[in-house]
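Trainee: Got input32.txt for you, compact mmCIF, C-alpha atoms:
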```
# COMPACT_ATOMS: atom_id res chain seq x y z
CA MET Z 1 25.34 24.90 -8.38
CA LYS Z 2 25.93 22.38 -5.61
CA LEU Z 3 24.12 19.06 -5.75
CA SER Z 4 22.73 19.71 -2.26
CA GLU Z 5 20.90 22.82 -3.53
CA ILE Z 6 19.04 20.74 -6.10
CA THR Z 7 18.21 17.86 -3.77
CA THR Z 8 17.11 20.19 -0.96
CA TYR Z 9 14.69 21.90 -3.34
CA LEU Z 10 13.27 18.63 -4.67
CA GLU Z 11 12.81 17.38 -1.11
CA SER Z 12 10.98 20.58 -0.17
CA ILE Z 13 8.41 19.55 -2.80
CA ALA Z 14 8.44 15.81 -2.09
CA PRO Z 15 9.92 15.24 1.40
CA LEU Z 16 11.73 11.95 1.91
CA ALA Z 17 9.55 11.46 5.01
CA TYR Z 18 6.64 10.78 2.64
CA GLN Z 19 8.21 7.76 0.95
CA GLU Z 20 6.91 4.26 1.69
CA SER Z 21 8.85 2.10 4.15
CA TYR Z 22 10.11 -0.21 1.39
CA ASP Z 23 11.37 2.65 -0.77
CA ASN Z 24 14.88 4.07 -1.21
CA ALA Z 25 14.41 7.60 -2.51
CA GLY Z 26 17.01 10.34 -2.16
CA LEU Z 27 20.64 10.75 -3.19
CA LEU Z 28 21.90 7.27 -4.13
CA VAL Z 29 25.27 8.07 -5.67
CA GLY Z 30 27.35 11.23 -5.38
CA ASP Z 31 28.81 13.88 -3.10
CA PRO Z 32 26.22 16.46 -1.89
CA GLN Z 33 28.89 19.18 -2.21
CA LYS Z 34 29.63 18.32 -5.84
CA GLU Z 35 29.19 21.14 -8.38
CA ILE Z 36 26.54 20.20 -10.95
CA ASN Z 37 26.49 21.62 -14.47
CA GLN Z 38 23.68 19.66 -16.13
CA THR Z 39 20.89 17.30 -15.10
CA LEU Z 40 19.48 14.42 -17.14
CA ILE Z 41 15.89 13.47 -16.26
CA THR Z 42 14.64 9.91 -16.67
CA LEU Z 43 12.06 7.48 -15.33
CA ASP Z 44 14.52 4.61 -14.79
CA VAL Z 45 18.30 4.37 -14.47
CA THR Z 46 19.83 1.84 -16.88
CA GLU Z 47 23.21 1.41 -18.53
CA ALA Z 48 21.80 3.15 -21.60
CA ILE Z 49 20.85 6.13 -19.42
CA LEU Z 50 24.38 6.26 -17.96
CA ASP Z 51 25.78 6.21 -21.49
CA GLU Z 52 23.45 9.06 -22.44
CA ALA Z 53 24.57 11.05 -19.41
CA ILE Z 54 28.21 10.54 -20.37
CA GLU Z 55 27.55 11.50 -24.00
CA THR Z 56 25.61 14.66 -23.06
CA LYS Z 57 28.07 15.60 -20.28
CA SER Z 58 25.30 15.43 -17.66
CA ASP Z 59 26.77 15.03 -14.18
CA LEU Z 60 23.46 14.39 -12.39
CA ILE Z 61 20.69 11.92 -13.18
CA VAL Z 62 17.30 12.62 -11.60
CA ALA Z 63 15.05 9.57 -11.81
CA HIS Z 64 11.67 8.47 -10.54
CA HIS Z 65 12.59 4.84 -9.84
CA PRO Z 66 15.56 4.34 -7.49
CA LEU Z 67 18.49 2.51 -9.03
CA ILE Z 68 19.20 0.85 -5.67
CA PHE Z 69 16.23 -0.73 -3.89
CA ALA Z 70 17.79 -3.49 -1.81
CA GLY Z 71 21.15 -3.12 -0.10
CA LEU Z 72 24.25 -3.83 -2.15
CA LYS Z 73 26.56 -6.25 -0.35
CA LYS Z 74 29.03 -6.40 -3.23
CA ILE Z 75 29.69 -4.22 -6.25
CA THR Z 76 31.33 -6.51 -8.78
CA GLY Z 77 29.35 -5.69 -11.91
CA LYS Z 78 27.46 -8.98 -11.95
CA ASN Z 79 24.12 -7.29 -12.72
CA GLU Z 80 22.88 -4.05 -14.28
CA VAL Z 81 22.41 -2.23 -10.97
CA GLU Z 82 26.01 -2.89 -9.94
CA ARG Z 83 27.30 -1.98 -13.40
CA CYS Z 84 25.38 1.30 -13.29
CA VAL Z 85 26.81 2.17 -9.87
CA ILE Z 86 30.33 1.42 -11.08
CA LYS Z 87 29.88 3.45 -14.26
CA ALA Z 88 28.34 6.39 -12.35
CA ILE Z 89 31.22 6.52 -9.86
CA LYS Z 90 33.87 6.14 -12.56
CA ASN Z 91 32.38 9.02 -14.52
CA ASP Z 92 31.58 11.19 -11.48
CA ILE Z 93 27.83 11.15 -12.18
CA ALA Z 94 25.45 11.63 -9.25
CA ILE Z 95 22.14 9.74 -9.12
CA TYR Z 96 19.05 10.99 -7.29
CA ALA Z 97 15.58 9.42 -7.08
CA SER Z 98 12.21 10.80 -6.01
CA HIS Z 99 9.82 7.86 -5.98
CA THR Z 100 6.87 7.15 -3.67
CA ASN Z 101 7.43 10.52 -2.00
CA LEU Z 102 6.69 12.18 -5.37
CA ASP Z 103 3.70 9.85 -5.76
CA SER Z 104 2.34 11.15 -2.46
CA VAL Z 105 2.16 14.91 -2.99
CA LEU Z 106 -0.07 17.30 -4.88
CA GLY Z 107 1.75 18.40 -8.01
CA GLY Z 108 3.55 15.07 -8.28
CA VAL Z 109 3.13 11.92 -10.37
CA ASN Z 110 -0.63 11.52 -10.00
CA SER Z 111 -1.32 15.22 -10.50
CA LYS Z 112 0.40 14.94 -13.89
CA ILE Z 113 -1.76 11.92 -14.81
CA CYS Z 114 -4.88 13.91 -13.89
CA GLU Z 115 -3.63 16.81 -16.00
CA LYS Z 116 -3.11 14.55 -19.03
CA LEU Z 117 -6.62 13.12 -18.63
CA GLY Z 118 -8.12 16.61 -18.29
CA LEU Z 119 -9.51 16.00 -14.79
CA GLU Z 120 -10.84 18.85 -12.67
CA ASN Z 121 -11.53 19.26 -8.93
CA VAL Z 122 -8.72 16.83 -8.15
CA GLN Z 123 -7.85 15.62 -4.67
CA ILE Z 124 -5.86 12.87 -2.96
CA LEU Z 125 -7.61 9.50 -3.21
CA ALA Z 126 -6.16 7.98 -0.02
CA PRO Z 127 -4.87 10.71 2.31
CA VAL Z 128 -2.40 9.63 4.98
CA SER Z 129 -3.11 10.01 8.68
CA GLY Z 130 -0.83 10.29 11.67
CA GLN Z 131 1.64 12.61 9.95
CA LEU Z 132 0.37 15.85 11.46
CA LYS Z 133 1.29 17.39 14.81
CA LYS Z 134 0.03 20.35 16.81
CA LEU Z 135 2.18 22.98 18.50
CA VAL Z 136 0.84 24.81 21.55
CA THR Z 137 2.88 27.65 23.02
CA PHE Z 138 2.43 30.81 25.09
CA ILE Z 139 3.59 34.22 23.85
CA PRO Z 140 3.50 37.70 25.45
CA PHE Z 141 0.97 39.89 23.63
CA ASP Z 142 3.39 42.35 22.07
CA HIS Z 143 5.50 39.58 20.50
CA ALA Z 144 2.72 37.30 19.27
CA ALA Z 145 2.71 38.44 15.64
CA ASN Z 146 6.47 38.10 15.26
CA VAL Z 147 6.61 34.60 16.75
CA GLN Z 148 3.62 33.41 14.73
CA GLN Z 149 5.11 34.60 11.44
CA ALA Z 150 8.41 32.87 12.20
CA ILE Z 151 6.55 29.59 12.77
CA PHE Z 152 4.44 29.99 9.64
CA LYS Z 153 7.54 30.79 7.58
CA VAL Z 154 9.03 27.33 8.11
CA GLY Z 155 5.86 25.55 6.97
CA ALA Z 156 3.45 25.33 9.92
CA GLY Z 157 -0.20 26.35 9.71
CA HIS Z 158 -1.20 24.75 6.38
CA ILE Z 159 -4.65 23.18 6.07
CA GLY Z 160 -5.61 22.24 2.52
CA ASN Z 161 -5.40 25.36 0.36
CA TYR Z 162 -5.11 27.68 3.38
CA ASP Z 163 -2.00 28.83 5.20
CA SER Z 164 -1.32 30.79 8.40
CA CYS Z 165 -3.99 28.70 10.13
CA ALA Z 166 -3.89 29.00 13.93
CA TYR Z 167 -5.97 29.69 17.02
CA SER Z 168 -5.17 32.07 19.87
CA ILE Z 169 -6.68 32.46 23.34
CA PRO Z 170 -5.77 35.31 25.74
CA GLY Z 171 -4.74 34.40 29.25
CA LYS Z 172 -2.27 35.08 32.03
CA GLY Z 173 0.93 33.14 32.55
CA SER Z 174 3.05 32.98 35.68
CA PHE Z 175 6.68 32.10 36.38
CA ARG Z 176 9.47 32.68 38.85
CA GLY Z 177 13.07 32.56 37.81
CA GLU Z 178 15.91 31.42 40.03
CA GLU Z 179 18.53 33.92 41.18
CA LYS Z 180 20.86 33.25 38.24
CA THR Z 181 18.17 33.73 35.58
CA LYS Z 182 17.76 36.76 33.33
CA PRO Z 183 14.01 36.88 32.70
CA PHE Z 184 12.64 38.93 29.77
CA VAL Z 185 10.09 40.43 32.20
CA GLY Z 186 9.95 40.31 35.99
CA LYS Z 187 12.75 39.87 38.49
CA PRO Z 188 14.68 36.78 39.59
CA GLY Z 189 13.23 35.21 42.71
CA GLU Z 190 9.82 36.88 42.33
CA ILE Z 191 6.63 35.40 40.86
CA HIS Z 192 5.63 37.33 37.74
CA TYR Z 193 2.28 37.37 35.97
CA GLU Z 194 2.25 38.21 32.27
CA ASN Z 195 -0.59 38.73 29.79
CA GLU Z 196 0.00 36.10 27.11
CA ILE Z 197 -1.81 34.32 24.33
CA ARG Z 198 -2.07 30.57 23.98
CA PHE Z 199 -1.14 29.98 20.35
CA GLU Z 200 -1.73 26.67 18.56
CA THR Z 201 -1.16 25.52 15.00
CA ILE Z 202 -0.53 22.30 13.08
CA PHE Z 203 2.45 21.16 11.04
CA PRO Z 204 3.67 18.03 9.20
CA ALA Z 205 5.70 15.84 11.54
CA HIS Z 206 8.87 15.87 9.43
CA ILE Z 207 9.43 19.62 10.00
CA GLN Z 208 9.14 19.47 13.78
CA GLY Z 209 12.78 20.40 14.30
CA GLN Z 210 12.45 23.48 12.10
CA VAL Z 211 9.27 24.57 13.86
CA ILE Z 212 10.80 24.31 17.33
CA ARG Z 213 13.95 26.16 16.24
CA ALA Z 214 11.87 28.95 14.70
CA LEU Z 215 9.78 29.21 17.88
CA ILE Z 216 12.76 29.42 20.21
CA GLU Z 217 14.68 31.88 18.03
CA ALA Z 218 11.73 34.26 17.69
CA HIS Z 219 10.35 33.97 21.23
CA PRO Z 220 11.59 36.62 23.70
CA TYR Z 221 11.62 34.38 26.79
CA GLU Z 222 14.76 32.81 28.17
CA GLU Z 223 12.87 29.52 28.60
CA VAL Z 224 10.08 28.84 26.08
CA ALA Z 225 7.13 26.71 27.18
CA TYR Z 226 5.54 24.61 24.44
CA ASP Z 227 3.71 21.32 23.89
CA ILE Z 228 3.74 19.01 20.86
CA TYR Z 229 0.72 16.75 20.24
CA SER Z 230 0.53 13.91 17.70
CA LEU Z 231 -2.69 13.97 15.65
CA ASP Z 232 -4.63 11.20 13.92
CA ASN Z 233 -6.13 13.64 11.39
CA GLU Z 234 -5.83 12.90 7.69
CA ASN Z 235 -3.54 15.19 5.75
CA PRO Z 236 -5.50 16.14 2.58
CA GLN Z 237 -2.29 17.24 0.83
CA VAL Z 238 -0.41 13.96 1.23
CA GLY Z 239 -1.37 10.44 0.16
CA ILE Z 240 -1.44 7.92 -2.65
CA GLY Z 241 -3.59 8.18 -5.78
CA MET Z 242 -5.84 11.01 -6.90
CA ILE Z 243 -9.41 11.44 -8.04
CA GLY Z 244 -11.06 14.07 -10.20
CA GLU Z 245 -13.83 14.71 -12.69
CA LEU Z 246 -14.13 15.13 -16.42
CA ALA Z 247 -15.71 18.40 -17.53
CA THR Z 248 -18.07 16.43 -19.76
CA PRO Z 249 -19.06 12.79 -19.15
CA ILE Z 250 -18.16 10.39 -21.98
CA GLU Z 251 -18.84 6.74 -22.82
CA GLU Z 252 -16.59 4.16 -21.22
CA LYS Z 253 -15.13 2.77 -24.42
CA LYS Z 254 -14.36 6.25 -25.74
CA PHE Z 255 -12.65 7.16 -22.46
CA LEU Z 256 -10.50 4.03 -22.64
CA GLN Z 257 -9.59 4.74 -26.24
CA GLN Z 258 -8.61 8.31 -25.43
CA THR Z 259 -6.58 7.15 -22.43
CA LYS Z 260 -4.76 4.57 -24.56
CA LYS Z 261 -3.85 7.28 -27.07
CA ILE Z 262 -2.76 9.84 -24.45
CA PHE Z 263 -0.43 7.39 -22.69
CA GLY Z 264 0.68 5.49 -25.80
CA SER Z 265 -0.25 2.15 -24.25
CA GLY Z 266 0.38 -0.94 -26.36
CA ALA Z 267 -2.83 -2.28 -24.86
CA VAL Z 268 -5.32 -1.37 -22.13
CA LYS Z 269 -6.49 -4.28 -20.00
CA HIS Z 270 -9.82 -3.53 -18.39
CA SER Z 271 -12.63 -5.13 -16.39
CA PRO Z 272 -16.08 -5.53 -17.98
CA LEU Z 273 -17.72 -2.27 -19.04
CA ILE Z 274 -20.71 -1.26 -16.95
CA GLY Z 275 -22.61 0.78 -19.52
CA ARG Z 276 -22.63 4.16 -17.81
CA LYS Z 277 -20.85 7.36 -18.77
CA VAL Z 278 -17.52 8.23 -17.19
CA LYS Z 279 -17.49 11.35 -15.03
CA LYS Z 280 -15.39 10.56 -11.95
CA VAL Z 281 -11.93 9.07 -12.49
CA ALA Z 282 -9.44 7.72 -9.94
CA VAL Z 283 -5.76 7.30 -10.87
CA CYS Z 284 -2.57 5.86 -9.43
CA GLY Z 285 0.73 5.82 -11.29
CA GLY Z 286 2.65 2.55 -11.27
CA SER Z 287 1.14 -0.35 -9.30
CA GLY Z 288 -2.16 0.76 -7.78
CA SER Z 289 -4.10 -2.43 -7.08
CA PHE Z 290 -4.11 -1.72 -3.34
CA LEU Z 291 -6.33 1.30 -4.02
CA ILE Z 292 -9.15 -0.54 -5.79
CA ARG Z 293 -11.38 -0.46 -2.70
CA GLN Z 294 -10.75 3.26 -2.13
CA ALA Z 295 -11.56 3.97 -5.77
CA ILE Z 296 -14.86 2.09 -5.47
CA ASN Z 297 -15.75 3.78 -2.18
CA SER Z 298 -15.05 7.19 -3.72
CA LYS Z 299 -17.70 6.43 -6.39
CA ALA Z 300 -15.21 6.62 -9.25
CA ASP Z 301 -16.49 5.35 -12.59
CA VAL Z 302 -13.01 4.28 -13.74
CA PHE Z 303 -9.72 3.55 -11.96
CA VAL Z 304 -6.65 4.07 -14.15
CA THR Z 305 -3.44 2.42 -12.98
CA GLY Z 306 -0.92 -0.32 -13.89
CA ASP Z 307 0.22 -3.83 -12.95
CA LEU Z 308 -3.21 -5.29 -12.19
CA LYS Z 309 -3.28 -9.10 -11.79
CA TYR Z 310 -5.91 -11.47 -13.18
CA HIS Z 311 -7.87 -11.98 -9.96
CA GLN Z 312 -7.83 -8.28 -9.14
CA PHE Z 313 -10.06 -7.54 -12.12
CA PHE Z 314 -12.83 -9.50 -10.36
CA GLU Z 315 -12.78 -6.87 -7.61
CA ALA Z 316 -14.46 -4.42 -9.98
CA ASP Z 317 -17.66 -6.42 -9.32
CA GLY Z 318 -19.75 -4.26 -11.66
CA LYS Z 319 -19.11 -1.19 -9.51
CA ILE Z 320 -16.19 0.34 -11.42
CA VAL Z 321 -14.13 -0.11 -14.57
CA LEU Z 322 -10.52 -1.03 -13.81
CA ALA Z 323 -8.10 0.08 -16.53
CA ASP Z 324 -4.51 -1.17 -16.59
CA ILE Z 325 -2.59 1.09 -18.98
CA GLY Z 326 0.86 -0.20 -18.03
CA HIS Z 327 3.35 0.73 -15.30
CA PHE Z 328 5.74 2.67 -17.52
CA GLU Z 329 2.94 4.27 -19.49
CA SER Z 330 1.21 5.61 -16.39
CA GLU Z 331 4.41 7.16 -15.01
CA GLN Z 332 6.20 8.30 -18.15
CA PHE Z 333 5.16 11.93 -17.75
CA THR Z 334 6.88 12.11 -14.38
CA LYS Z 335 9.85 13.38 -16.37
CA GLU Z 336 7.78 16.47 -17.15
CA VAL Z 337 7.15 16.98 -13.42
CA PHE Z 338 10.90 17.05 -12.72
CA TYR Z 339 11.59 19.26 -15.73
CA GLU Z 340 8.94 21.82 -14.79
CA LEU Z 341 10.07 21.96 -11.16
CA LEU Z 342 13.78 22.38 -11.93
CA THR Z 343 13.48 24.85 -14.79
CA LYS Z 344 11.07 27.04 -12.81
CA LYS Z 345 13.27 27.11 -9.73
CA PHE Z 346 16.61 27.28 -11.57
CA PRO Z 347 15.84 28.95 -14.92
CA LYS Z 348 19.51 29.29 -15.91
CA PHE Z 349 20.44 25.73 -15.01
CA ALA Z 350 20.86 23.14 -17.79
CA VAL Z 351 18.16 20.46 -17.61
CA ARG Z 352 17.50 17.91 -20.34
CA LEU Z 353 14.97 15.10 -20.80
CA SER Z 354 16.36 11.66 -21.58
CA GLU Z 355 15.66 10.39 -25.08
CA VAL Z 356 16.09 6.74 -24.07
CA ASN Z 357 12.96 4.59 -23.82
CA THR Z 358 13.50 2.56 -20.64
CA ASN Z 359 10.21 0.61 -20.81
CA PRO Z 360 11.15 -3.08 -20.43
CA VAL Z 361 7.69 -4.24 -21.54
CA ASN Z 362 7.05 -4.78 -25.24
CA TYR Z 363 3.81 -5.60 -27.05
CA LEU Z 364 3.40 -8.02 -29.96
CA VAL Z 365 0.66 -6.52 -32.15
```
Take the structure in the file and write it out as structure tokens.

Mentor:
Amino acid sequence: MKLSEITTYLESIAPLAYQESYDNAGLLVGDPQKEINQTLITLDVTEAILDEAIETKSDLIVAHHPLIFAGLKKITGKNEVERCVIKAIKNDIAIYASHTNLDSVLGGVNSKICEKLGLENVQILAPVSGQLKKLVTFIPFDHAANVQQAIFKVGAGHIGNYDSCAYSIPGKGSFRGEEKTKPFVGKPGEIHYENEIRFETIFPAHIQGQVIRALIEAHPYEEVAYDIYSLDNENPQVGIGMIGELATPIEEKKFLQQTKKIFGSGAVKHSPLIGRKVKKVAVCGGSGSFLIRQAINSKADVFVTGDLKYHQFFEADGKIVLADIGHFESEQFTKEVFYELLTKKFPKFAVRLSEVNTNPVNYLV
């Protein structure tokens, strides 16, 4: 299939609009129209991964961490990033990354961490705000259902676990077309009054273009009246980190031991134990120190993440146990997320998990 089919699907799950400002997710190397025969899934892109792709005849690498973060001013092979780009181009291998955008959605990186820990009743730890908009439009009664369904079909009307969410108010609209118009109802040059409904629904900002196109294509009027409002509401389906509960509370040390085993951590750095059982657990794959305050405010007993610095452990302040299991260790199962998504959507497409351990951190035990 074409590379664009794969990337379009992945971006329907984790839209690029959800990535952090510093990030560089998306297609990094390759022609979107290229025919792809096999995908290799990895956490990082290294020279060893490129060699594996060549050996296994994989012509697409799907990674969590982008190979290219900062702009490349020269490509001379002086460092590993440049060498990887050169090798990918020479061997016609495309490279795609889904990074903080995959961190930010339900079913992504942090959902997989919660799954591995056996957490229930999971939700986003720090939902984003300012990424929702509201559409208000006016539809003649007999066409309301058709227009609404067209708008819902492109992704509007989702609130939490509910879809097709909207509100309608009956009313009467008026308009007068100029002589050259061809109004759906009424006559040019005459004021017409039509029984309509005021229809309003919300949608994520990044699909605004699709929503407006769907509205105009489905609406019977020659000129469609609509308003778009920006909202400050939190989006409960998008944000960084997650929080959930264990089915049965366990002692702190036992929880840490189990977590170490599940994620294969060489060591687990943690703040002082508090002496209470663990029930509520917050998680953030990768570097999650910026979420310590949210984890405390959410009444989590433990916050599992990576890359915590010395002074950040003081922030626990006897209110929470901070557990640093390692950056790679916390995100390693992201490969399973990609694999499950691609094999479910494209069951006949060849997808393979990389066998290369890309963790640059080693432990002397």

Trainee: List the residues sitting within 6 Å of (-4.4, 1.9, -20.7) in the file's frame, using all atoms listed in the file, as a list in words.

Mentor: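 Residues lying no farther than 6 Å from the given point: Thr259, Lys260, Ser265, Val268, Ala323, Asp324 and Ile325 of chain Z.
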
Trainee: Pull the neighbourhood of (2.0, 14.2, 6.4) for me: all residues within 8 Å in file coordinates, counting only C-alpha atoms, as an MDAnalysis selection string.

Mentor: chainID Z and resid 18 128:132 204:206 235 237:238

Trainee: Counting all atoms listed in the file, figure out which residue out of Z:Asn79, Z:Gln148, Z:Asn357, Z:Thr334 gets nearest to Val109 of chain Z.

Mentor: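 Distance minimum relative to Val109 of chain Z lands on Z:Thr334.
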
Trainee: Quick one: residues within 10 Å of Ala88 of chain Z, all atoms listed in the file counted, chain neighbours fewer than 5 positions away excluded, as a ChimeraX atom specification?

Mentor: /Z:29-30,47,50-51,53-54,59-61,82-83,93-95

Trainee: Which is closest to Gln208 of chain Z among Z:Pro15, Z:Gly155, Z:Gly108, Z:Pro272, if we use only C-alpha atoms?

Mentor: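 So, comparing all the options, the nearest one is Z:Gly155.
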
Trainee: My list of candidates is Z:Gln210, Z:Asn24, Z:Gln332, Z:Asn146. Which is closest to Thr358 of chain Z when distances are computed with all atoms listed in the file?

Mentor: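 Of the candidates, the smallest distance to Thr358 of chain Z is held by Z:Gln332.
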